[in-house]
file my_file14.cif (mmCIF, C-alpha atoms and all ligand atoms)
data_query
#
loop_
_atom_site.group_PDB
_atom_site.id
_atom_site.type_symbol
_atom_site.label_atom_id
_atom_site.label_comp_id
_atom_site.auth_asym_id
_atom_site.auth_seq_id
_atom_site.Cartn_x
_atom_site.Cartn_y
_atom_site.Cartn_z
ATOM 1 C CA MET A 27 101.092 53.322 75.508
ATOM 2 C CA GLN A 28 100.521 55.974 78.187
ATOM 3 C CA ASN A 29 102.519 59.155 77.782
ATOM 4 C CA LEU A 30 104.154 60.939 80.727
ATOM 5 C CA ARG A 31 101.286 63.421 81.068
ATOM 6 C CA ASP A 32 98.763 60.560 81.406
ATOM 7 C CA VAL A 33 100.925 58.796 83.974
ATOM 8 C CA LEU A 34 101.263 61.974 85.998
ATOM 9 C CA SER A 35 97.594 62.895 85.763
ATOM 10 C CA ASN A 36 96.714 59.425 87.056
ATOM 11 C CA MET A 37 99.148 59.779 89.920
ATOM 12 C CA ILE A 38 97.436 59.812 93.328
ATOM 13 C CA VAL A 39 99.325 61.758 95.958
ATOM 14 C CA LEU A 40 97.874 62.268 99.425
ATOM 15 C CA SER A 41 98.799 63.850 102.714
ATOM 16 C CA TYR A 42 97.223 63.948 106.162
ATOM 17 C CA LEU A 43 95.154 66.937 105.014
ATOM 18 C CA GLN A 44 93.155 64.797 102.582
ATOM 19 C CA THR A 45 93.072 61.525 104.539
ATOM 20 C CA ARG A 46 91.705 63.296 107.629
ATOM 21 C CA GLN A 47 88.877 64.612 105.445
ATOM 22 C CA MET A 48 88.166 61.035 104.323
ATOM 23 C CA ILE A 49 88.128 59.698 107.881
ATOM 24 C CA GLU A 50 85.898 62.514 109.063
ATOM 25 C CA ALA A 51 83.455 61.959 106.181
ATOM 26 C CA ARG A 52 83.366 58.196 106.913
ATOM 27 C CA ASP A 53 82.717 58.877 110.597
ATOM 28 C CA HIS A 54 79.801 61.089 109.582
ATOM 29 C CA GLY A 55 78.336 58.221 107.580
ATOM 30 C CA GLN A 56 79.147 59.613 104.130
ATOM 31 C CA SER A 57 79.846 57.186 101.298
ATOM 32 C CA VAL A 58 81.460 59.730 98.965
ATOM 33 C CA VAL A 59 83.689 62.741 99.605
ATOM 34 C CA ALA A 60 85.242 65.346 97.324
ATOM 35 C CA VAL A 61 88.950 65.614 98.111
ATOM 36 C CA SER A 62 92.122 66.416 96.270
ATOM 37 C CA THR A 63 94.212 63.463 95.100
ATOM 38 C CA ASP A 64 96.956 65.729 93.740
ATOM 39 C CA LEU A 65 97.884 67.852 96.764
ATOM 40 C CA ASN A 66 95.293 70.631 96.388
ATOM 41 C CA LEU A 67 95.537 71.184 92.631
ATOM 42 C CA THR A 68 92.156 69.619 91.757
ATOM 43 C CA GLU A 69 89.325 67.771 93.519
ATOM 44 C CA SER A 70 87.991 64.274 92.831
ATOM 45 C CA GLU A 71 85.145 62.183 94.179
ATOM 46 C CA VAL A 72 86.429 59.377 96.354
ATOM 47 C CA LYS A 73 84.201 56.466 97.461
ATOM 48 C CA LEU A 74 84.329 55.543 101.112
ATOM 49 C CA GLN A 75 83.670 51.824 101.464
ATOM 50 C CA SER A 76 83.685 49.642 104.553
ATOM 51 C CA GLU A 77 87.087 48.084 103.787
ATOM 52 C CA ASN A 78 88.783 50.801 101.822
ATOM 53 C CA VAL A 79 88.758 54.082 99.937
ATOM 54 C CA GLN A 80 88.268 53.921 96.165
ATOM 55 C CA PHE A 81 89.748 56.461 93.774
ATOM 56 C CA PRO A 82 88.361 57.339 90.332
ATOM 57 C CA THR A 83 91.506 55.810 88.751
ATOM 58 C CA GLY A 84 90.497 52.348 90.014
ATOM 59 C CA GLU A 85 93.135 52.370 92.763
ATOM 60 C CA SER A 86 92.047 51.747 96.334
ATOM 61 C CA LEU A 87 93.623 52.023 99.768
ATOM 62 C CA ASP A 88 92.647 50.233 102.986
ATOM 63 C CA TRP A 89 91.663 52.273 106.037
ATOM 64 C CA LYS A 90 94.796 51.236 107.964
ATOM 65 C CA SER A 91 96.981 52.927 105.323
ATOM 66 C CA VAL A 92 94.656 55.948 105.293
ATOM 67 C CA GLN A 93 95.139 56.223 109.069
ATOM 68 C CA GLU A 94 98.938 55.920 108.701
ATOM 69 C CA ILE A 95 98.992 58.868 106.303
ATOM 70 C CA SER A 96 96.810 60.866 108.716
ATOM 71 C CA ASP A 97 99.316 60.289 111.497
ATOM 72 C CA ASN A 98 102.218 61.852 109.590
ATOM 73 C CA GLU A 99 102.133 65.618 109.055
ATOM 74 C CA THR A 100 105.524 65.867 107.354
ATOM 75 C CA ALA A 101 105.198 63.418 104.451
ATOM 76 C CA CYS A 102 103.235 63.036 101.225
ATOM 77 C CA TYR A 103 102.341 59.575 99.960
ATOM 78 C CA ARG A 104 101.960 58.154 96.493
ATOM 79 C CA VAL A 105 99.231 55.538 96.089
ATOM 80 C CA GLU A 106 100.309 52.750 93.794
ATOM 81 C CA GLU A 107 99.151 49.179 93.479
ATOM 82 C CA TYR A 108 96.853 49.518 96.482
ATOM 83 C CA THR A 109 99.624 50.675 98.835
ATOM 84 C CA ALA A 110 100.815 54.098 99.975
ATOM 85 C CA LYS A 111 104.523 54.879 99.758
ATOM 86 C CA ALA A 112 106.033 57.943 101.390
ATOM 87 C CA ILE A 113 107.659 60.208 98.822
ATOM 88 C CA LYS A 114 111.186 60.306 100.156
ATOM 89 C CA GLY A 115 114.616 58.980 99.350
ATOM 90 C CA PHE A 116 118.199 58.831 100.498
ATOM 91 C CA SER A 117 120.607 60.585 98.159
ATOM 92 C CA GLU A 118 123.771 58.574 97.500
ATOM 93 C CA PHE A 119 125.166 61.785 96.029
ATOM 94 C CA SER A 120 124.897 63.988 99.112
ATOM 95 C CA GLY A 121 124.207 61.485 101.898
ATOM 96 C CA ARG A 122 121.034 63.416 102.732
ATOM 97 C CA VAL A 123 117.429 62.308 103.065
ATOM 98 C CA PHE A 124 114.974 64.087 100.755
ATOM 99 C CA GLY A 125 111.208 64.145 101.215
ATOM 100 C CA LEU A 126 108.027 65.936 100.178
ATOM 101 C CA MET A 127 106.214 67.770 102.967
ATOM 102 C CA PRO A 128 102.596 68.927 102.564
ATOM 103 C CA THR A 129 101.246 72.417 103.211
ATOM 104 C CA GLU A 130 97.775 73.886 102.665
ATOM 105 C CA ALA A 131 99.005 74.860 99.166
ATOM 106 C CA ALA A 132 102.019 73.444 97.285
ATOM 107 C CA PRO A 133 104.280 71.013 99.146
ATOM 108 C CA THR A 134 107.859 71.831 100.022
ATOM 109 C CA MET A 135 110.916 69.611 99.754
ATOM 110 C CA LEU A 136 112.725 68.630 102.931
ATOM 111 C CA ILE A 137 116.478 68.067 102.730
ATOM 112 C CA SER A 138 117.759 66.593 106.001
ATOM 113 C CA GLY A 139 114.529 67.887 107.567
ATOM 114 C CA ILE A 140 115.055 71.482 106.339
ATOM 115 C CA PRO A 141 112.227 72.945 104.191
ATOM 116 C CA MET A 142 113.427 74.380 100.862
ATOM 117 C CA HIS A 143 110.682 77.027 100.737
ATOM 118 C CA ARG A 144 109.152 79.423 103.201
ATOM 119 C CA ILE A 145 106.270 77.826 105.098
ATOM 120 C CA LYS A 146 105.936 80.088 108.142
ATOM 121 C CA ASP A 147 103.156 82.717 107.636
ATOM 122 C CA THR A 148 103.172 81.872 103.908
ATOM 123 C CA ASN A 149 103.374 78.839 101.623
ATOM 124 C CA PRO A 150 105.774 77.582 98.942
ATOM 125 C CA TYR A 151 103.597 78.845 96.082
ATOM 126 C CA GLN A 152 103.253 82.351 97.512
ATOM 127 C CA ASP A 153 106.975 82.284 98.306
ATOM 128 C CA THR A 154 107.660 81.525 94.626
ATOM 129 C CA LEU A 155 105.355 84.338 93.441
ATOM 130 C CA ASN A 156 107.193 86.796 95.721
ATOM 131 C CA LYS A 157 110.546 85.801 94.236
ATOM 132 C CA ILE A 158 109.271 86.262 90.670
ATOM 133 C CA LYS A 159 107.571 89.557 91.556
ATOM 134 C CA ALA A 160 110.840 90.912 92.941
ATOM 135 C CA ILE A 161 112.503 90.609 89.541
ATOM 136 C CA LYS A 162 109.658 90.948 87.026
ATOM 137 C CA PRO A 163 109.258 91.270 84.117
ATOM 138 C CA VAL A 164 110.800 87.829 83.638
ATOM 139 C CA MET A 165 111.419 87.830 79.878
ATOM 140 C CA GLY A 166 113.939 86.420 77.421
ATOM 141 C CA ASP A 167 116.288 83.597 78.391
ATOM 142 C CA VAL A 168 116.309 82.816 82.085
ATOM 143 C CA LEU A 169 118.669 80.779 84.244
ATOM 144 C CA ASP A 170 117.315 79.205 87.426
ATOM 145 C CA THR A 171 120.425 78.120 89.317
ATOM 146 C CA THR A 172 118.896 75.537 91.683
ATOM 147 C CA THR A 173 115.854 73.592 90.505
ATOM 148 C CA GLY A 174 114.578 72.051 93.755
ATOM 149 C CA LEU A 175 110.905 71.310 93.069
ATOM 150 C CA GLY A 176 111.052 73.564 90.017
ATOM 151 C CA TYR A 177 108.546 76.136 91.247
ATOM 152 C CA THR A 178 110.660 79.166 90.273
ATOM 153 C CA ALA A 179 111.515 77.600 86.892
ATOM 154 C CA ILE A 180 107.855 76.771 86.196
ATOM 155 C CA GLU A 181 106.640 80.246 87.183
ATOM 156 C CA ALA A 182 109.410 81.951 85.178
ATOM 157 C CA ALA A 183 108.538 79.852 82.110
ATOM 158 C CA LYS A 184 105.060 81.433 82.060
ATOM 159 C CA THR A 185 106.558 84.678 80.708
ATOM 160 C CA ALA A 186 110.144 83.883 79.677
ATOM 161 C CA ARG A 187 111.246 82.703 76.231
ATOM 162 C CA HIS A 188 113.179 79.813 77.761
ATOM 163 C CA VAL A 189 114.308 78.670 81.203
ATOM 164 C CA THR A 190 117.401 76.590 81.946
ATOM 165 C CA THR A 191 117.420 75.140 85.444
ATOM 166 C CA ILE A 192 120.294 73.411 87.255
ATOM 167 C CA GLU A 193 120.050 70.866 90.071
ATOM 168 C CA ILE A 194 123.023 69.232 91.733
ATOM 169 C CA ASP A 195 121.273 66.287 93.367
ATOM 170 C CA PRO A 196 119.465 63.669 91.250
ATOM 171 C CA MET A 197 117.308 62.826 94.294
ATOM 172 C CA ALA A 198 115.739 66.313 94.134
ATOM 173 C CA GLN A 199 114.671 65.493 90.576
ATOM 174 C CA GLU A 200 113.269 62.147 91.751
ATOM 175 C CA ILE A 201 111.166 63.900 94.383
ATOM 176 C CA ALA A 202 110.007 66.548 91.885
ATOM 177 C CA ARG A 203 108.946 63.799 89.464
ATOM 178 C CA GLN A 204 106.471 62.513 92.080
ATOM 179 C CA ASN A 205 105.113 65.966 92.964
ATOM 180 C CA PRO A 206 101.948 66.974 91.076
ATOM 181 C CA TRP A 207 102.958 70.664 91.424
ATOM 182 C CA SER A 208 106.257 70.014 89.581
ATOM 183 C CA GLN A 209 104.794 68.411 86.456
ATOM 184 C CA ALA A 210 105.574 71.302 84.115
ATOM 185 C CA LEU A 211 109.248 70.808 84.857
ATOM 186 C CA PHE A 212 109.043 67.579 82.887
ATOM 187 C CA ASP A 213 106.602 68.483 80.145
ATOM 188 C CA ASN A 214 107.019 72.200 79.396
ATOM 189 C CA PRO A 215 109.246 72.407 76.302
ATOM 190 C CA LYS A 216 110.342 75.895 77.416
ATOM 191 C CA ILE A 217 112.224 74.366 80.374
ATOM 192 C CA THR A 218 115.584 72.597 80.054
ATOM 193 C CA GLN A 219 116.866 70.707 83.086
ATOM 194 C CA VAL A 220 120.580 70.291 83.750
ATOM 195 C CA ILE A 221 121.985 68.008 86.448
ATOM 196 C CA GLY A 222 125.205 69.484 87.788
ATOM 197 C CA ASP A 223 126.769 72.004 90.157
ATOM 198 C CA ALA A 224 125.578 75.530 89.345
ATOM 199 C CA PHE A 225 129.011 76.818 90.348
ATOM 200 C CA ASP A 226 130.586 74.894 87.428
ATOM 201 C CA GLU A 227 127.654 74.695 85.025
ATOM 202 C CA ILE A 228 127.286 78.478 84.825
ATOM 203 C CA GLU A 229 130.757 78.647 83.251
ATOM 204 C CA LYS A 230 129.600 76.435 80.371
ATOM 205 C CA PHE A 231 127.176 79.052 79.032
ATOM 206 C CA GLU A 232 128.434 81.722 76.663
ATOM 207 C CA ALA A 233 128.957 85.167 78.134
ATOM 208 C CA GLU A 234 125.789 87.271 78.128
ATOM 209 C CA SER A 235 123.425 84.332 77.687
ATOM 210 C CA PHE A 236 120.679 85.323 80.137
ATOM 211 C CA SER A 237 118.415 88.334 80.741
ATOM 212 C CA VAL A 238 117.378 87.155 84.203
ATOM 213 C CA ILE A 239 118.970 84.812 86.730
ATOM 214 C CA LEU A 240 116.956 83.352 89.612
ATOM 215 C CA HIS A 241 119.257 82.264 92.391
ATOM 216 C CA ASP A 242 117.522 80.379 95.204
ATOM 217 C CA PRO A 243 120.297 78.415 96.929
ATOM 218 C CA PRO A 244 120.081 76.402 100.127
ATOM 219 C CA MET A 245 121.129 78.332 103.238
ATOM 220 C CA PHE A 246 124.649 79.752 103.382
ATOM 221 C CA SER A 247 125.911 77.041 105.756
ATOM 222 C CA LEU A 248 124.898 74.306 103.266
ATOM 223 C CA ALA A 249 126.044 75.915 99.991
ATOM 224 C CA GLY A 250 128.752 78.531 100.710
ATOM 225 C CA ASP A 251 130.112 78.395 97.117
ATOM 226 C CA LEU A 252 126.829 79.776 95.826
ATOM 227 C CA TYR A 253 127.298 82.897 97.987
ATOM 228 C CA SER A 254 130.939 83.506 97.004
ATOM 229 C CA LEU A 255 132.505 86.438 95.145
ATOM 230 C CA GLU A 256 133.748 84.004 92.492
ATOM 231 C CA PHE A 257 130.220 82.710 91.858
ATOM 232 C CA TYR A 258 128.853 86.261 91.588
ATOM 233 C CA GLN A 259 131.582 87.081 89.020
ATOM 234 C CA ARG A 260 130.443 84.045 87.040
ATOM 235 C CA VAL A 261 126.833 85.238 87.276
ATOM 236 C CA LEU A 262 127.847 88.685 85.991
ATOM 237 C CA ARG A 263 129.591 87.121 82.980
ATOM 238 C CA ALA A 264 126.533 84.990 82.140
ATOM 239 C CA LEU A 265 124.146 87.967 82.277
ATOM 240 C CA LYS A 266 123.334 90.188 79.318
ATOM 241 C CA HIS A 267 123.767 93.975 79.531
ATOM 242 C CA ASN A 268 120.941 95.335 81.708
ATOM 243 C CA GLY A 269 120.416 91.805 83.013
ATOM 244 C CA ARG A 270 119.632 91.155 86.659
ATOM 245 C CA ILE A 271 119.685 88.510 89.334
ATOM 246 C CA PHE A 272 117.248 87.793 92.147
ATOM 247 C CA HIS A 273 119.164 86.215 95.016
ATOM 248 C CA TYR A 274 117.137 84.557 97.781
ATOM 249 C CA ILE A 275 118.876 84.824 101.144
ATOM 250 C CA GLY A 276 116.477 84.388 104.075
ATOM 251 C CA ASP A 277 114.673 86.520 106.631
ATOM 252 C CA PRO A 278 116.446 89.908 106.553
ATOM 253 C CA ASP A 279 115.164 90.599 110.080
ATOM 254 C CA SER A 280 116.774 87.521 111.594
ATOM 255 C CA LYS A 281 120.293 87.819 112.996
ATOM 256 C CA THR A 282 121.780 85.361 110.490
ATOM 257 C CA GLY A 283 119.700 86.713 107.590
ATOM 258 C CA ALA A 284 120.844 90.287 108.258
ATOM 259 C CA ARG A 285 124.503 89.250 108.440
ATOM 260 C CA VAL A 286 124.356 87.098 105.293
ATOM 261 C CA THR A 287 122.413 89.812 103.390
ATOM 262 C CA ALA A 288 125.095 92.408 104.201
ATOM 263 C CA GLY A 289 127.853 90.049 102.987
ATOM 264 C CA VAL A 290 125.965 89.116 99.811
ATOM 265 C CA MET A 291 125.321 92.794 98.938
ATOM 266 C CA ARG A 292 128.972 93.672 99.483
ATOM 267 C CA ARG A 293 130.263 90.797 97.331
ATOM 268 C CA LEU A 294 127.744 91.476 94.532
ATOM 269 C CA GLN A 295 129.002 95.075 94.374
ATOM 270 C CA GLU A 296 132.594 93.872 94.484
ATOM 271 C CA ALA A 297 131.808 91.495 91.596
ATOM 272 C CA GLY A 298 130.762 94.513 89.481
ATOM 273 C CA PHE A 299 126.974 94.785 89.759
ATOM 274 C CA ILE A 300 126.086 98.471 89.408
ATOM 275 C CA ARG A 301 123.009 98.458 91.627
ATOM 276 C CA VAL A 302 122.145 96.074 94.445
ATOM 277 C CA VAL A 303 118.786 96.555 96.170
ATOM 278 C CA ARG A 304 117.000 94.762 98.944
ATOM 279 C CA ALA A 305 113.806 92.826 98.175
ATOM 280 C CA PRO A 306 112.644 92.209 101.759
ATOM 281 C CA ARG A 307 109.204 90.782 100.894
ATOM 282 C CA ALA A 308 110.948 88.069 98.881
ATOM 283 C CA PHE A 309 113.650 87.610 101.559
ATOM 284 C CA GLY A 310 116.383 88.460 99.045
ATOM 285 C CA VAL A 311 118.152 91.077 96.958
ATOM 286 C CA VAL A 312 118.125 92.092 93.282
ATOM 287 C CA ALA A 313 121.376 93.077 91.559
ATOM 288 C CA TYR A 314 121.645 94.805 88.177
ATOM 289 C CA LYS A 315 124.341 94.537 85.522
ATOM 290 C CA LYS A 316 125.300 97.600 83.486
HETATM 291 C C1 LIG B 1 115.936 76.159 97.978
HETATM 292 S S1 LIG B 1 115.959 74.805 96.886
HETATM 293 C C2 LIG B 1 115.480 75.545 95.380
HETATM 294 C C3 LIG B 1 113.989 75.722 95.310
HETATM 295 C C4 LIG B 1 113.512 76.045 93.926
HETATM 296 N N1 LIG B 1 113.777 77.429 93.580
HETATM 297 C C5 LIG B 1 112.025 75.752 93.771
HETATM 298 O O1 LIG B 1 111.320 76.619 93.280
HETATM 299 O O2 LIG B 1 111.559 74.678 94.155
HETATM 300 C C6 LIG B 1 117.677 74.556 96.660
HETATM 301 C C7 LIG B 1 118.048 73.406 95.712
HETATM 302 O O3 LIG B 1 119.416 73.618 95.316
HETATM 303 C C8 LIG B 1 120.039 72.384 95.135
HETATM 304 N N2 LIG B 1 121.479 72.663 95.133
HETATM 305 C C9 LIG B 1 122.311 72.752 96.203
HETATM 306 N N3 LIG B 1 123.562 73.068 95.811
HETATM 307 C C10 LIG B 1 123.506 73.208 94.457
HETATM 308 C C11 LIG B 1 124.467 73.539 93.464
HETATM 309 N N4 LIG B 1 125.736 73.797 93.803
HETATM 310 N N5 LIG B 1 124.086 73.580 92.177
HETATM 311 C C12 LIG B 1 122.791 73.316 91.828
HETATM 312 N N6 LIG B 1 121.836 72.995 92.718
HETATM 313 C C13 LIG B 1 122.189 72.959 94.020
HETATM 314 C C14 LIG B 1 119.484 71.548 96.272
HETATM 315 O O4 LIG B 1 119.636 70.164 96.021
HETATM 316 C C15 LIG B 1 118.019 72.003 96.303
HETATM 317 O O5 LIG B 1 117.237 71.170 95.502
#
call {"tool": "encode", "arguments": {"input": "my_file14.cif", "output": "structure tokens"}}
result
Amino acid sequence: MQNLRDVLSNMIVLSYLQTRQMIEARDHGQSVVAVSTDLNLTESEVKLQSENVQFPTGESLDWKSVQEISDNETACYRVEEYTAKAIKGFSEFSGRVFGLMPTEAAPTMLISGIPMHRIKDTNPYQDTLNKIKAIKPVMGDVLDTTTGLGYTAIEAAKTARHVTTIEIDPMAQEIARQNPWSQALFDNPKITQVIGDAFDEIEKFEAESFSVILHDPPMFSLAGDLYSLEFYQRVLRALKHNGRIFHYIGDPDSKTGARVTAGVMRRLQEAGFIRVVRAPRAFGVVAYKK
């Protein structure tokens, strides 16, 4: 029987970035091209035949489907049983459509068309590294309040003892499962996934459980609870002495970002954090517990 790692490593996921390379190579008369079949993580040799494209896994895809992928710059596709299916889904839980959108590096997740990572002048992977850098060293037990594609949880788990990550919407987990960049979320034993509302789930941990909390919520207008004084008081309780939180907010130079940042900093201080400092490169703030 195949284990999960084998299934995932055999998974072929493509976007317009790879299929355009295939079409271009075919048009130049090539019969083989090296492209990524896991959204830029690794490269494989793909055979370009007259009817279809053949992958090293034995899967193939006809040129019509390859063209369809090339025509869509906002979706990633999983190749399965000789067909390409867009990685997206409607969440019964939230009534929102979720999807995986490619970039030159790691993909981002779209919720109702809104990207969950920074993609302008950067990419989701660099965005994740900036968040981790703002709060490093990331050691001990870590709480990641909103899993999304799991990038912050996966990066934190590289140095932390253990990472617990919470996601409210099962559809986000479904999308992550099909994303090659999210694999460690499912097979790194240092990561525990919880499905639930971070606002409630954080109360279930004992006081002083975490050294570091990574808080990367959707924008204020979509998740107001996660920017509230009450939530910050809950965060303070869950943090150990000398613990700290990185709170992603958004572009501090934008009108909305500046206003939300000022409100977040005020409420974090009101909640009892002794020091609250801006982390503008990571579009957030870091707050320290005594
Ligand atoms: C900006 S994304 C998180 C990105 C994540 N840090 C990553 O590295 O991929 C926000 C996520 O929070 C989830 N979410 C929204 N409200 C939540 C809540 N109350 N509790 C837990 N997760 C929530 C959304 O479904 C979405 O997947």
call {"tool": "atom_distance", "arguments": {"input": "my_file14.cif", "atom1": "atom N5 of ligand LIG 1 (chain B)", "atom2": "atom CA of Glu193 of chain A"}}
result
5.3 Å
call {"tool": "residues_near_point", "arguments": {"input": "my_file14.cif", "point": "(117.5, 85.4, 88.1)", "cutoff": "10 Å", "atoms": "all atoms listed in the file", "output": "number ranges by chain"}}
result
A: 157-158, 160-162, 164, 167-171, 178-179, 182, 236-242, 261, 265, 269-274, 312-313
call {"tool": "atom_distance", "arguments": {"input": "my_file14.cif", "atom1": "atom CA of Leu252 of chain A", "atom2": "atom CA of Lys159 of chain A"}}
result
22.0 Å
call {"tool": "residues_around", "arguments": {"input": "my_file14.cif", "residues": "segment 121-131 of chain A", "least_positions_apart": "2", "cutoff": "8 Å", "atoms": "all atoms listed in the file", "output": "number ranges by chain"}}
result
A: 41, 43, 65-66, 99-102, 113-119, 133-139, 145, 149-151, 197-198, 201, 205
call {"tool": "resolve_selection", "arguments": {"input": "my_file14.cif", "expression": "the PyMOL selection byres (((chain A and resi 103) around 6) and not hetatm)", "output": "list in words"}}
result
Val39, Leu40, Cys102, Arg104, Ala110, Lys111, Ala112 and Ile113 of chain A
call {"tool": "resolve_selection", "arguments": {"input": "my_file14.cif", "expression": "the PyMOL selection byres (((chain A and resi 183-185) around 9) and not hetatm)", "output": "PDB file with C-alpha atoms, keeping the file's coordinate frame"}}
result
ATOM      1  CA  PRO A 163     109.258  91.270  84.117  1.00  0.00           C
ATOM      2  CA  VAL A 164     110.800  87.829  83.638  1.00  0.00           C
ATOM      3  CA  MET A 165     111.419  87.830  79.878  1.00  0.00           C
ATOM      4  CA  GLY A 166     113.939  86.420  77.421  1.00  0.00           C
ATOM      5  CA  VAL A 168     116.309  82.816  82.085  1.00  0.00           C
ATOM      6  CA  THR A 178     110.660  79.166  90.273  1.00  0.00           C
ATOM      7  CA  ALA A 179     111.515  77.600  86.892  1.00  0.00           C
ATOM      8  CA  ILE A 180     107.855  76.771  86.196  1.00  0.00           C
ATOM      9  CA  GLU A 181     106.640  80.246  87.183  1.00  0.00           C
ATOM     10  CA  ALA A 182     109.410  81.951  85.178  1.00  0.00           C
ATOM     11  CA  ALA A 186     110.144  83.883  79.677  1.00  0.00           C
ATOM     12  CA  ARG A 187     111.246  82.703  76.231  1.00  0.00           C
ATOM     13  CA  HIS A 188     113.179  79.813  77.761  1.00  0.00           C
ATOM     14  CA  VAL A 189     114.308  78.670  81.203  1.00  0.00           C
ATOM     15  CA  ASN A 214     107.019  72.200  79.396  1.00  0.00           C
ATOM     16  CA  LYS A 216     110.342  75.895  77.416  1.00  0.00           C
ATOM     17  CA  ILE A 217     112.224  74.366  80.374  1.00  0.00           C
TER      18      ILE A 217
END
call {"tool": "closest_atom_pairs", "arguments": {"input": "my_file14.cif", "of": "chain A", "to": "ligand LIG 1 (chain B)", "cutoff": "7 Å", "atoms": "only C-alpha atoms and all ligand atoms", "output": "Markdown table"}}
result
| residue | atom | partner | partner_atom | distance |
| --- | --- | --- | --- | --- |
| A:Met142 | CA | B:LIG1 | C1 | 4.2 |
| A:His143 | CA | B:LIG1 | C1 | 6.0 |
| A:Thr154 | CA | B:LIG1 | O1 | 6.3 |
| A:Thr171 | CA | B:LIG1 | C12 | 5.9 |
| A:Thr172 | CA | B:LIG1 | N6 | 4.0 |
| A:Thr173 | CA | B:LIG1 | C4 | 4.8 |
| A:Gly174 | CA | B:LIG1 | O5 | 3.3 |
| A:Leu175 | CA | B:LIG1 | O2 | 3.6 |
| A:Gly176 | CA | B:LIG1 | O2 | 4.3 |
| A:Tyr177 | CA | B:LIG1 | O1 | 3.5 |
| A:Thr178 | CA | B:LIG1 | O1 | 4.0 |
| A:Ala179 | CA | B:LIG1 | O1 | 6.5 |
| A:Ile192 | CA | B:LIG1 | C12 | 5.2 |
| A:Glu193 | CA | B:LIG1 | N6 | 3.8 |
| A:Ile194 | CA | B:LIG1 | N6 | 4.1 |
| A:Asp195 | CA | B:LIG1 | O4 | 5.0 |
| A:Ala198 | CA | B:LIG1 | O5 | 5.3 |
| A:Gly222 | CA | B:LIG1 | C12 | 6.1 |
| A:Asp223 | CA | B:LIG1 | N5 | 3.7 |
| A:Ala224 | CA | B:LIG1 | N5 | 3.7 |
| A:Phe225 | CA | B:LIG1 | N4 | 5.6 |
| A:Asp242 | CA | B:LIG1 | N1 | 5.0 |
| A:Pro243 | CA | B:LIG1 | C6 | 4.7 |
| A:Pro244 | CA | B:LIG1 | C6 | 4.6 |
| A:Ala249 | CA | B:LIG1 | N3 | 5.6 |
| A:Leu252 | CA | B:LIG1 | N4 | 6.4 |
call {"tool": "axis_aligned_box", "arguments": {"input": "my_file14.cif", "around": "segment 306-314 of chain A", "padding_each_side": "3 Å", "output": "AutoDock Vina command-line options"}}
result
--center_x 115.4 --center_y 91.2 --center_z 95.0 --size_x 18.4 --size_y 13.2 --size_z 19.6
call {"tool": "resolve_selection", "arguments": {"input": "my_file14.cif", "expression": "the PyMOL selection byres (((chain A and resi 300) around 7) and not hetatm)", "output": "list in words"}}
result
Gln295, Gly298, Phe299, Arg301, Val302, Tyr314, Lys315 and Lys316 of chain A
call {"tool": "write_last_selection", "arguments": {"input": "my_file14.cif", "atoms": "C-alpha atoms", "output": "tab-separated table (two decimals), keeping the file's coordinate frame"}}
result
chain	number	residue	atom	x	y	z
A	295	GLN	CA	129.00	95.08	94.37
A	298	GLY	CA	130.76	94.51	89.48
A	299	PHE	CA	126.97	94.78	89.76
A	301	ARG	CA	123.01	98.46	91.63
A	302	VAL	CA	122.14	96.07	94.44
A	314	TYR	CA	121.64	94.80	88.18
A	315	LYS	CA	124.34	94.54	85.52
A	316	LYS	CA	125.30	97.60	83.49
call {"tool": "closest_residue", "arguments": {"input": "my_file14.cif", "among": "A:Leu211, A:Ile228, A:Val311, A:Leu248", "to": "Ala264 of chain A", "atoms": "all atoms listed in the file"}}
result
A:Ile228
call {"tool": "closest_residue", "arguments": {"input": "my_file14.cif", "among": "A:Ile49, A:Met291, A:Val105, A:Ile140", "to": "Arg304 of chain A", "atoms": "only C-alpha atoms"}}
result
A:Met291
call {"tool": "atom_distance", "arguments": {"input": "my_file14.cif", "atom1": "atom CA of Ser57 of chain A", "atom2": "atom CA of Phe81 of chain A"}}
result
12.5 Å
call {"tool": "closest_residue", "arguments": {"input": "my_file14.cif", "among": "A:Gly289, A:Pro82, A:Gly250, A:Gly310", "to": "Val61 of chain A", "atoms": "all atoms listed in the file"}}
result
A:Pro82
call {"tool": "closest_residue", "arguments": {"input": "my_file14.cif", "among": "A:Leu255, A:Leu67, A:Ile221, A:Leu74", "to": "Asp88 of chain A", "atoms": "all atoms listed in the file"}}
result
A:Leu74
call {"tool": "closest_residue", "arguments": {"input": "my_file14.cif", "among": "A:Ser62, A:Thr109, A:Thr190, A:Gln199", "to": "Asn78 of chain A", "atoms": "all atoms listed in the file"}}
result
A:Thr109
call {"tool": "closest_residue", "arguments": {"input": "my_file14.cif", "among": "A:Asn156, A:Arg292, A:Asp226, A:Asp213", "to": "Ala308 of chain A", "atoms": "all atoms listed in the file"}}
result
A:Asn156
